[in-house]
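Asker: Pasting a structure here, questions to come.
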2 protein chains.
Amino acid sequence: MTTIYDIARAAGVTATTVSNVLSGKGSVSSATRARVMQCAEELKYSPNLVARSLIKGRTGVLGLVFPSIDNPFYAEITAAMERLAYQAGFRIFVSTFSNGDQTGQKMLKDLALRRVDGVIIFSAAISLEIIQSLSLPHLPIIYCLEEEMQPCPFPTLFYDFFQGGKLAGEHLLSSGHRHIGLLTDIGDQGQYCHIARVKGLQAALAAYNLTLDSRLIKNGRSDVEAGKSAGYELLTQPDRPSAVFATNDMMAIGLMAAAWELNIQIPRDLSVIGFDSISIGRYTTPPLTTIKIDIEMLATEAINLLLHHIDHPSSSQSIVLPATLLEGASTGPHLL
Amino acid sequence: MTTIYDIARAAGVTATTVSNVLSGKGSVSSATRARVMQCAEELKYSPNLVARSLIKGRTGVLGLVFPSIDNPFYAEITAAMERLAYQAGFRIFVSTFSNGDQTGQKMLKDLALRRVDGVIIFSAAISLEIIQSLSLPHLPIIYCLEEEMQPCPFPTLFYDFFQGGKLAGEHLLSSGHRHIGLLTDIGDQGQYCHIARVKGLQAALAAYNLTLDSRLIKNGRSDVEAGKSAGYELLTQPDRPSAVFATNDMMAIGLMAAAWELNIQIPRDLSVIGFDSISIGRYTTPPLTTIKIDIEMLATEAINLLLHHIDHPSSSQSIVLPATLLEGASTGPHLL
DNA sequence: GTGAAAGCGCTAACAA
DNA sequence: TTGTTAGCGCTTTCAC
């Protein structure tokens, strides 16, 4: 590894001058500049960003923490953020973790130890209390996609999940469905992970003087296999629903697979609506009706919020983005 | 930020002793040990891994470079590698890039500047020449999934894509298909990105005294939208195939979406076989027949290869893993 | 068992 | 325009 000292020696100057040349700072005569540049080239110098980070107190890296990159929703967010961060001169250090154990918080802590300049956390498994217990002093944090808004010591980016759930319910109700099933994520501690979406559905039902039928609620994790098995239960019971709201797209896709195996046709025999608008959902057969979360917008706002927060640590603004309906072909009128 | 000097001052010892306590090295009396520990606790000390990396010359980070995390194939690899690396005390720094520009190589270079302990590269867009032109001295590199094996200065992990393509072809041929279409990835420079898979198909055809019909070859990128639009072309032409080999699953899923819109039933009217065995493929309707790449095995071997290579830089072993057939329900006998 | 000194590779005051 | 000095936070000989 060649260092600036090697270049300095070769060029007959001091390390400071080399540093000045390479960073374009200070004033250096064009003669020495050329000489230094040439030596750097010949010695195949490349800067050690670890050393630079140490002295600058900045790494140029942003951390991203979320569960399961296996969910395309997060993969798409990652791709968007990586691109946006790169344009702003930052890199993204992704940390994912399989739910359950404490890997998530350990990874978050590790990001802090590595002195990332800030992190974006997608809640799900890392609660506010956990974050605070980790003692991450001065680490700029943006908290994203918490299901329900709550007082938060750092900036928050929030999608209107309640409104999304309500839109999903209204869409099914306005198509004549009255017997509506729910497929949702229930975490390890039995909490509803998608509580706002569920409440939104309930609000839509209430407007029709209906309530959620507990027999039509099935719980699982947020992945496709859980959606399939819970979907099986839902569809094989005596009085099965004519429409189902799955609180994320992966579960909806699993449900569609279950329906296919049971020879239940979508949307003729069953309407399915998801949540997230992952891109693969536009290629299922039929294409999935879903609640759209604008990932590009989400990523843009989150990155901007974080970059702003890094420069202005006192700021604590919060942003709420709207969820909208994205009609596919997996929902249709209630027949018979 | 509290440093070991803060602790040293508080505990009335020197930084060396603090370092010894925290690292468990050297010999420290249990009295000072306790005192130091307590001060560390009270001051909420956490080590600066940037400084540690600088002096140790190791970061404990492994780089992972591949195109498009939007392809679940890579997302699944990432998840597996992240888990395995974590167990070995390493973290994964993922770098993805949208094909085309030179972002990929810039990111690879950047990983080197950040002094990751090694990288795993999934070829596709980063050729051997590019890697060599980047001058990454002493950076342990594992090269993965190059389509065809070739002499390589560093260890290689390789799946037998030719054999996979052959298996795909044989599967379709043995089901009676003779009019077989091909949906494959043609890169920006017009090169076949999945050339070994195509050659495998050709070998299978040759055993039946058949050749690839150029009218039945459609090219696109490796993503689902390209698969759909190329699939459209393939399925709407006069003499459409009875079976199609898509050289990756995302394209296969796009093709199935096109077939659905054209009201072509799978597998009755059209057999579809993919490549990669991404997990979502087991939930399409019908579930996708594909060539299985064992991602768990791939990740395990790649990580092991890299960790070994880090400790033994001279090693240059290569591993070839077998591709196998994974039957779904998207292929069936050729009817009529 | 503890500390003094040196240094990882770089940058930033400040002098010259 | 260039060099001297100091230091980012940590680890590591090597004395004591």
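Quick note on naming: the chains in the structure tokens go A, B, ... in the order shown, residues restart at 1 in each chain, and ligands are numbered from 1 in order of appearance.
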Define the interface residues of chain D facing chain A as those within 8 Å, counting only C-alpha atoms (C1' of nucleotides), and report them as a list in words.

Answerer: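 Taken together, these residues fit the definition: DT1, DT2, DG3, DC8 and DG9 of chain D.
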
Asker: Could the residues in this selection be written to a file with N, CA, C and O atoms (P, O5', C5', C4', C3', O3' and C1' of nucleotides), as a CSV table (one decimal), in the first residue's frame?

Answerer:
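File produced: out-v5.csv:
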chain,number,residue,atom,x,y,z
D,1,DT,P,1.1,30.2,-5.1
D,1,DT,O5',2.0,28.9,-4.8
D,1,DT,C5',3.2,28.8,-5.4
D,1,DT,C4',4.2,28.3,-4.4
D,1,DT,C3',4.1,26.9,-4.0
D,1,DT,O3',5.3,26.2,-4.3
D,1,DT,C1',4.3,28.2,-2.1
D,2,DT,P,5.4,24.6,-4.2
D,2,DT,O5',5.7,24.4,-2.7
D,2,DT,C5',7.1,24.4,-2.3
D,2,DT,C4',7.1,24.4,-0.8
D,2,DT,C3',6.9,23.1,-0.1
D,2,DT,O3',8.1,22.5,0.2
D,2,DT,C1',5.9,24.9,1.1
D,3,DG,P,8.2,21.1,1.0
D,3,DG,O5',8.2,21.5,2.5
D,3,DG,C5',9.2,22.4,2.9
D,3,DG,C4',9.0,22.7,4.4
D,3,DG,C3',8.9,21.4,5.3
D,3,DG,O3',9.7,21.6,6.5
D,3,DG,C1',7.0,22.7,5.7
D,8,DC,P,-7.0,14.4,19.3
D,8,DC,O5',-8.1,13.7,18.4
D,8,DC,C5',-8.8,14.3,17.4
D,8,DC,C4',-9.2,13.3,16.4
D,8,DC,C3',-9.4,11.9,16.9
D,8,DC,O3',-10.8,11.8,17.2
D,8,DC,C1',-8.1,11.8,14.9
D,9,DG,P,-11.3,11.5,18.7
D,9,DG,O5',-11.0,10.0,19.0
D,9,DG,C5',-11.7,9.0,18.2
D,9,DG,C4',-11.0,7.7,18.3
D,9,DG,C3',-10.8,7.2,19.8
D,9,DG,O3',-11.4,6.0,19.8
D,9,DG,C1',-8.8,7.1,18.6

Asker: Taking only C-alpha atoms (C1' of nucleotides) into account and nothing else, which residues of chain C lie no more than 10 Å away from chain A? Please answer as a short mmCIF file (atom, residue, chain, number, x, y, z; two decimals) with N, CA and C atoms (P, O5', C5', C4', C3', O3' and C1' of nucleotides), in the first residue's frame.

Answerer:
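Output below, filename result_16.cif:
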data_model
loop_
_atom_site.label_atom_id
_atom_site.label_comp_id
_atom_site.auth_asym_id
_atom_site.auth_seq_id
_atom_site.Cartn_x
_atom_site.Cartn_y
_atom_site.Cartn_z
P DC C 8 3.33 3.98 10.66
"O5'" DC C 8 1.97 3.39 10.11
"C5'" DC C 8 1.49 2.12 10.50
"C4'" DC C 8 -0.04 2.14 10.47
"C3'" DC C 8 -0.59 3.10 9.42
"O3'" DC C 8 -0.88 2.35 8.23
"C1'" DC C 8 -1.72 3.34 11.54
P DG C 9 -0.09 2.73 6.88
"O5'" DG C 9 -0.87 4.02 6.37
"C5'" DG C 9 -2.23 3.91 6.00
"C4'" DG C 9 -2.82 5.30 5.93
"C3'" DG C 9 -2.11 6.25 4.98
"O3'" DG C 9 -3.05 6.65 4.00
"C1'" DG C 9 -2.57 7.28 7.07
P DC C 10 -2.78 7.82 3.01
"O5'" DC C 10 -3.42 9.07 3.76
"C5'" DC C 10 -4.83 9.10 3.91
"C4'" DC C 10 -5.22 10.14 4.94
"C3'" DC C 10 -5.04 11.58 4.48
"O3'" DC C 10 -6.30 12.05 3.98
"C1'" DC C 10 -4.38 11.24 6.76
P DT C 11 -6.32 13.47 3.29
"O5'" DT C 11 -6.42 14.48 4.53
"C5'" DT C 11 -7.58 14.42 5.35
"C4'" DT C 11 -7.48 15.46 6.43
"C3'" DT C 11 -7.44 16.90 5.95
"O3'" DT C 11 -8.36 17.60 6.77
"C1'" DT C 11 -5.64 16.50 7.41
P DA C 12 -8.87 19.04 6.40
"O5'" DA C 12 -8.21 19.91 7.53
"C5'" DA C 12 -8.39 19.53 8.89
"C4'" DA C 12 -7.63 20.49 9.76
"C3'" DA C 12 -7.65 21.94 9.25
"O3'" DA C 12 -7.67 22.80 10.37
"C1'" DA C 12 -5.45 21.16 9.30
#

Asker: What does the structure give for the distance between atom CA of Glu327 of chain A and atom CA of Ala80 of chain A, in Å to one decimal?

Answerer: 23.3 Å

Asker: Find the residue from A:Met107, A:Val116, A:Ala257, A:Cys39 that sits nearest to chain B; use only C-alpha atoms when measuring.

Answerer: A:Ala257

Asker: Counting only C-alpha atoms, which residues of chain B fall within 7 Å of chain A, and what is the closest atom pair for each with its distance in Å at one decimal, ordered by chain and rising number, as a tab-separated table?

Answerer:
residue	atom	partner	partner_atom	distance
B:Ser46	CA	A:Leu113	CA	6.8
B:Pro47	CA	A:Leu113	CA	6.3
B:Asn48	CA	A:Leu113	CA	5.4
B:Leu49	CA	A:Arg114	CA	5.0
B:Val50	CA	A:Arg114	CA	5.8
B:Ala51	CA	A:Leu54	CA	6.1
B:Leu54	CA	A:Val50	CA	6.0
B:Ile69	CA	A:Ala75	CA	6.1
B:Asp70	CA	A:Glu76	CA	5.9
B:Pro72	CA	A:Asp70	CA	6.9
B:Ala75	CA	A:Asp70	CA	5.9
B:Glu76	CA	A:Asp70	CA	5.9
B:Ala79	CA	A:Ile69	CA	6.4
B:Phe93	CA	A:Phe93	CA	5.7
B:Val94	CA	A:Val94	CA	6.7
B:Leu113	CA	A:Asn48	CA	5.5
B:Arg114	CA	A:Leu49	CA	5.0
B:Arg115	CA	A:Val50	CA	7.0
B:Ile253	CA	A:Tyr283	CA	7.0
B:Gly254	CA	A:Tyr283	CA	6.2
B:Ala257	CA	A:Tyr283	CA	5.3
B:Trp260	CA	A:Thr285	CA	6.5
B:Tyr283	CA	A:Ala257	CA	5.3
B:Thr284	CA	A:Ala257	CA	6.4
B:Thr285	CA	A:Ala257	CA	6.2

Asker: Can you tell me, as a ChimeraX atom specification, which residues in segment 197-271 of chain B count as strand (DSSP E) by DSSP?

Answerer: /B:217-220,243-246,271

Asker: Using the selection just defined, write its residues with N, CA, C and O atoms as a PDB file, in the first residue's frame.

Answerer:
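This is the output file out.pdb:
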ATOM      1  N   ILE B 217     -35.909 -16.881 -30.978  1.00  0.00           N
ATOM      2  CA  ILE B 217     -35.028 -16.299 -29.972  1.00  0.00           C
ATOM      3  C   ILE B 217     -35.395 -14.844 -29.768  1.00  0.00           C
ATOM      4  O   ILE B 217     -35.467 -14.076 -30.728  1.00  0.00           O
ATOM      5  N   LYS B 218     -35.666 -14.467 -28.545  1.00  0.00           N
ATOM      6  CA  LYS B 218     -35.928 -13.053 -28.259  1.00  0.00           C
ATOM      7  C   LYS B 218     -35.011 -12.609 -27.135  1.00  0.00           C
ATOM      8  O   LYS B 218     -34.769 -13.358 -26.183  1.00  0.00           O
ATOM      9  N   ASN B 219     -34.552 -11.401 -27.267  1.00  0.00           N
ATOM     10  CA  ASN B 219     -33.579 -10.897 -26.304  1.00  0.00           C
ATOM     11  C   ASN B 219     -34.112  -9.706 -25.531  1.00  0.00           C
ATOM     12  O   ASN B 219     -34.916  -8.928 -26.027  1.00  0.00           O
ATOM     13  N   GLY B 220     -33.620  -9.570 -24.332  1.00  0.00           N
ATOM     14  CA  GLY B 220     -33.970  -8.410 -23.533  1.00  0.00           C
ATOM     15  C   GLY B 220     -32.954  -8.248 -22.432  1.00  0.00           C
ATOM     16  O   GLY B 220     -31.845  -8.735 -22.524  1.00  0.00           O
ATOM     17  N   ALA B 243     -43.031 -24.281 -26.192  1.00  0.00           N
ATOM     18  CA  ALA B 243     -42.319 -24.218 -24.916  1.00  0.00           C
ATOM     19  C   ALA B 243     -41.232 -23.154 -25.021  1.00  0.00           C
ATOM     20  O   ALA B 243     -40.685 -22.927 -26.095  1.00  0.00           O
ATOM     21  N   VAL B 244     -40.952 -22.498 -23.882  1.00  0.00           N
ATOM     22  CA  VAL B 244     -39.927 -21.454 -23.889  1.00  0.00           C
ATOM     23  C   VAL B 244     -38.991 -21.644 -22.696  1.00  0.00           C
ATOM     24  O   VAL B 244     -39.430 -21.906 -21.573  1.00  0.00           O
ATOM     25  N   PHE B 245     -37.716 -21.508 -22.993  1.00  0.00           N
ATOM     26  CA  PHE B 245     -36.704 -21.478 -21.943  1.00  0.00           C
ATOM     27  C   PHE B 245     -36.303 -20.021 -21.737  1.00  0.00           C
ATOM     28  O   PHE B 245     -35.768 -19.385 -22.645  1.00  0.00           O
ATOM     29  N   ALA B 246     -36.614 -19.514 -20.556  1.00  0.00           N
ATOM     30  CA  ALA B 246     -36.165 -18.167 -20.216  1.00  0.00           C
ATOM     31  C   ALA B 246     -34.925 -18.328 -19.354  1.00  0.00           C
ATOM     32  O   ALA B 246     -34.946 -19.085 -18.375  1.00  0.00           O
ATOM     33  N   SER B 271     -45.411 -24.281 -22.366  1.00  0.00           N
ATOM     34  CA  SER B 271     -44.570 -24.646 -21.233  1.00  0.00           C
ATOM     35  C   SER B 271     -43.509 -23.580 -21.041  1.00  0.00           C
ATOM     36  O   SER B 271     -42.951 -23.054 -22.005  1.00  0.00           O
TER      37      SER B 271
END

Asker: Neighbouring residues of DA13 of chain C were defined as those with any atom within 10 Å, considering only C-alpha atoms (C1' of nucleotides); residues of the same chain fewer than 2 positions away were excluded. Please report them as a list of chain:residue names.

Answerer: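 Listing them by chain and then by number gives C:DT11, C:DA15, D:DT5, D:DA6.
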
Asker: Using only N, CA, C and O atoms (P, O5', C5', C4', C3', O3' and C1' of nucleotides), please write the residues we just selected to a file, as an mmCIF file, in the first residue's frame.

Answerer:
data_model
loop_
_atom_site.group_PDB
_atom_site.id
_atom_site.type_symbol
_atom_site.label_atom_id
_atom_site.label_comp_id
_atom_site.auth_asym_id
_atom_site.auth_seq_id
_atom_site.Cartn_x
_atom_site.Cartn_y
_atom_site.Cartn_z
ATOM 1 P P DT C 11 -6.318 13.474 3.294
ATOM 2 O "O5'" DT C 11 -6.423 14.480 4.529
ATOM 3 C "C5'" DT C 11 -7.577 14.420 5.349
ATOM 4 C "C4'" DT C 11 -7.480 15.459 6.431
ATOM 5 C "C3'" DT C 11 -7.441 16.901 5.946
ATOM 6 O "O3'" DT C 11 -8.360 17.603 6.767
ATOM 7 C "C1'" DT C 11 -5.635 16.496 7.412
ATOM 8 P P DA C 15 1.296 31.019 14.459
ATOM 9 O "O5'" DA C 15 2.787 30.752 13.968
ATOM 10 C "C5'" DA C 15 2.938 29.899 12.880
ATOM 11 C "C4'" DA C 15 4.321 29.294 12.809
ATOM 12 C "C3'" DA C 15 5.417 30.319 12.553
ATOM 13 O "O3'" DA C 15 6.677 29.729 12.827
ATOM 14 C "C1'" DA C 15 4.798 29.214 10.538
ATOM 15 P P DT D 5 8.926 20.793 13.826
ATOM 16 O "O5'" DT D 5 7.431 20.718 14.335
ATOM 17 C "C5'" DT D 5 6.726 21.937 14.584
ATOM 18 C "C4'" DT D 5 5.305 21.621 15.044
ATOM 19 C "C3'" DT D 5 5.200 20.405 15.971
ATOM 20 O "O3'" DT D 5 4.468 20.801 17.120
ATOM 21 C "C1'" DT D 5 3.623 20.258 14.200
ATOM 22 P P DA D 6 4.330 19.860 18.368
ATOM 23 O "O5'" DA D 6 2.768 19.532 18.280
ATOM 24 C "C5'" DA D 6 1.856 20.567 17.878
ATOM 25 C "C4'" DA D 6 0.513 19.945 17.542
ATOM 26 C "C3'" DA D 6 0.133 18.749 18.430
ATOM 27 O "O3'" DA D 6 -1.189 18.944 18.864
ATOM 28 C "C1'" DA D 6 -0.103 18.170 16.166
#

Asker: Please identify all polymer residues within 9 Å of Glu146 of chain B, counting only C-alpha atoms (C1' of nucleotides), omitting same-chain residues fewer than 3 positions from it, and present them as a PyMOL selection string.

Answerer: chain B and resi 122-124+143+149-150+156-159

Asker: Could you name the residues that touch Leu335 of chain B at 9 Å or less, counting only C-alpha atoms (C1' of nucleotides), but leaving out those on the same chain fewer than 2 positions away, as a ChimeraX atom specification?

Answerer: /B:176-177,242,268-269,332-333

Asker: Atom CA of Gln102 of chain B and atom CA of Thr300 of chain A are how many Å apart?

Answerer: 22.4 Å

Asker: Would you mind telling me which residue in B:Ala323, B:Phe162, B:Gln132, B:Ala302 lies nearest to Gly63 of chain B when using only C-alpha atoms?

Answerer: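 Closest residue, counting only C-alpha atoms: B:Ala302.
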
Asker: Near DA6 of chain C, within 12 Å and counting only C-alpha atoms (C1' of nucleotides), which residues show up once chain neighbours fewer than 2 positions away are dropped, as a ChimeraX atom specification?

Answerer: /C:4,8 /D:11-14

Asker: Taking 6 positions as the minimum chain separation for residues in the same chain, which residues sit within 12 Å of segment 305-314 of chain A when counting only C-alpha atoms (C1' of nucleotides)? Answer as a VMD selection string.

Answerer: chain A and resid 58 60 to 64 81 84 to 85 88 to 90 116 to 121 137 to 144 153 to 158 297 to 299
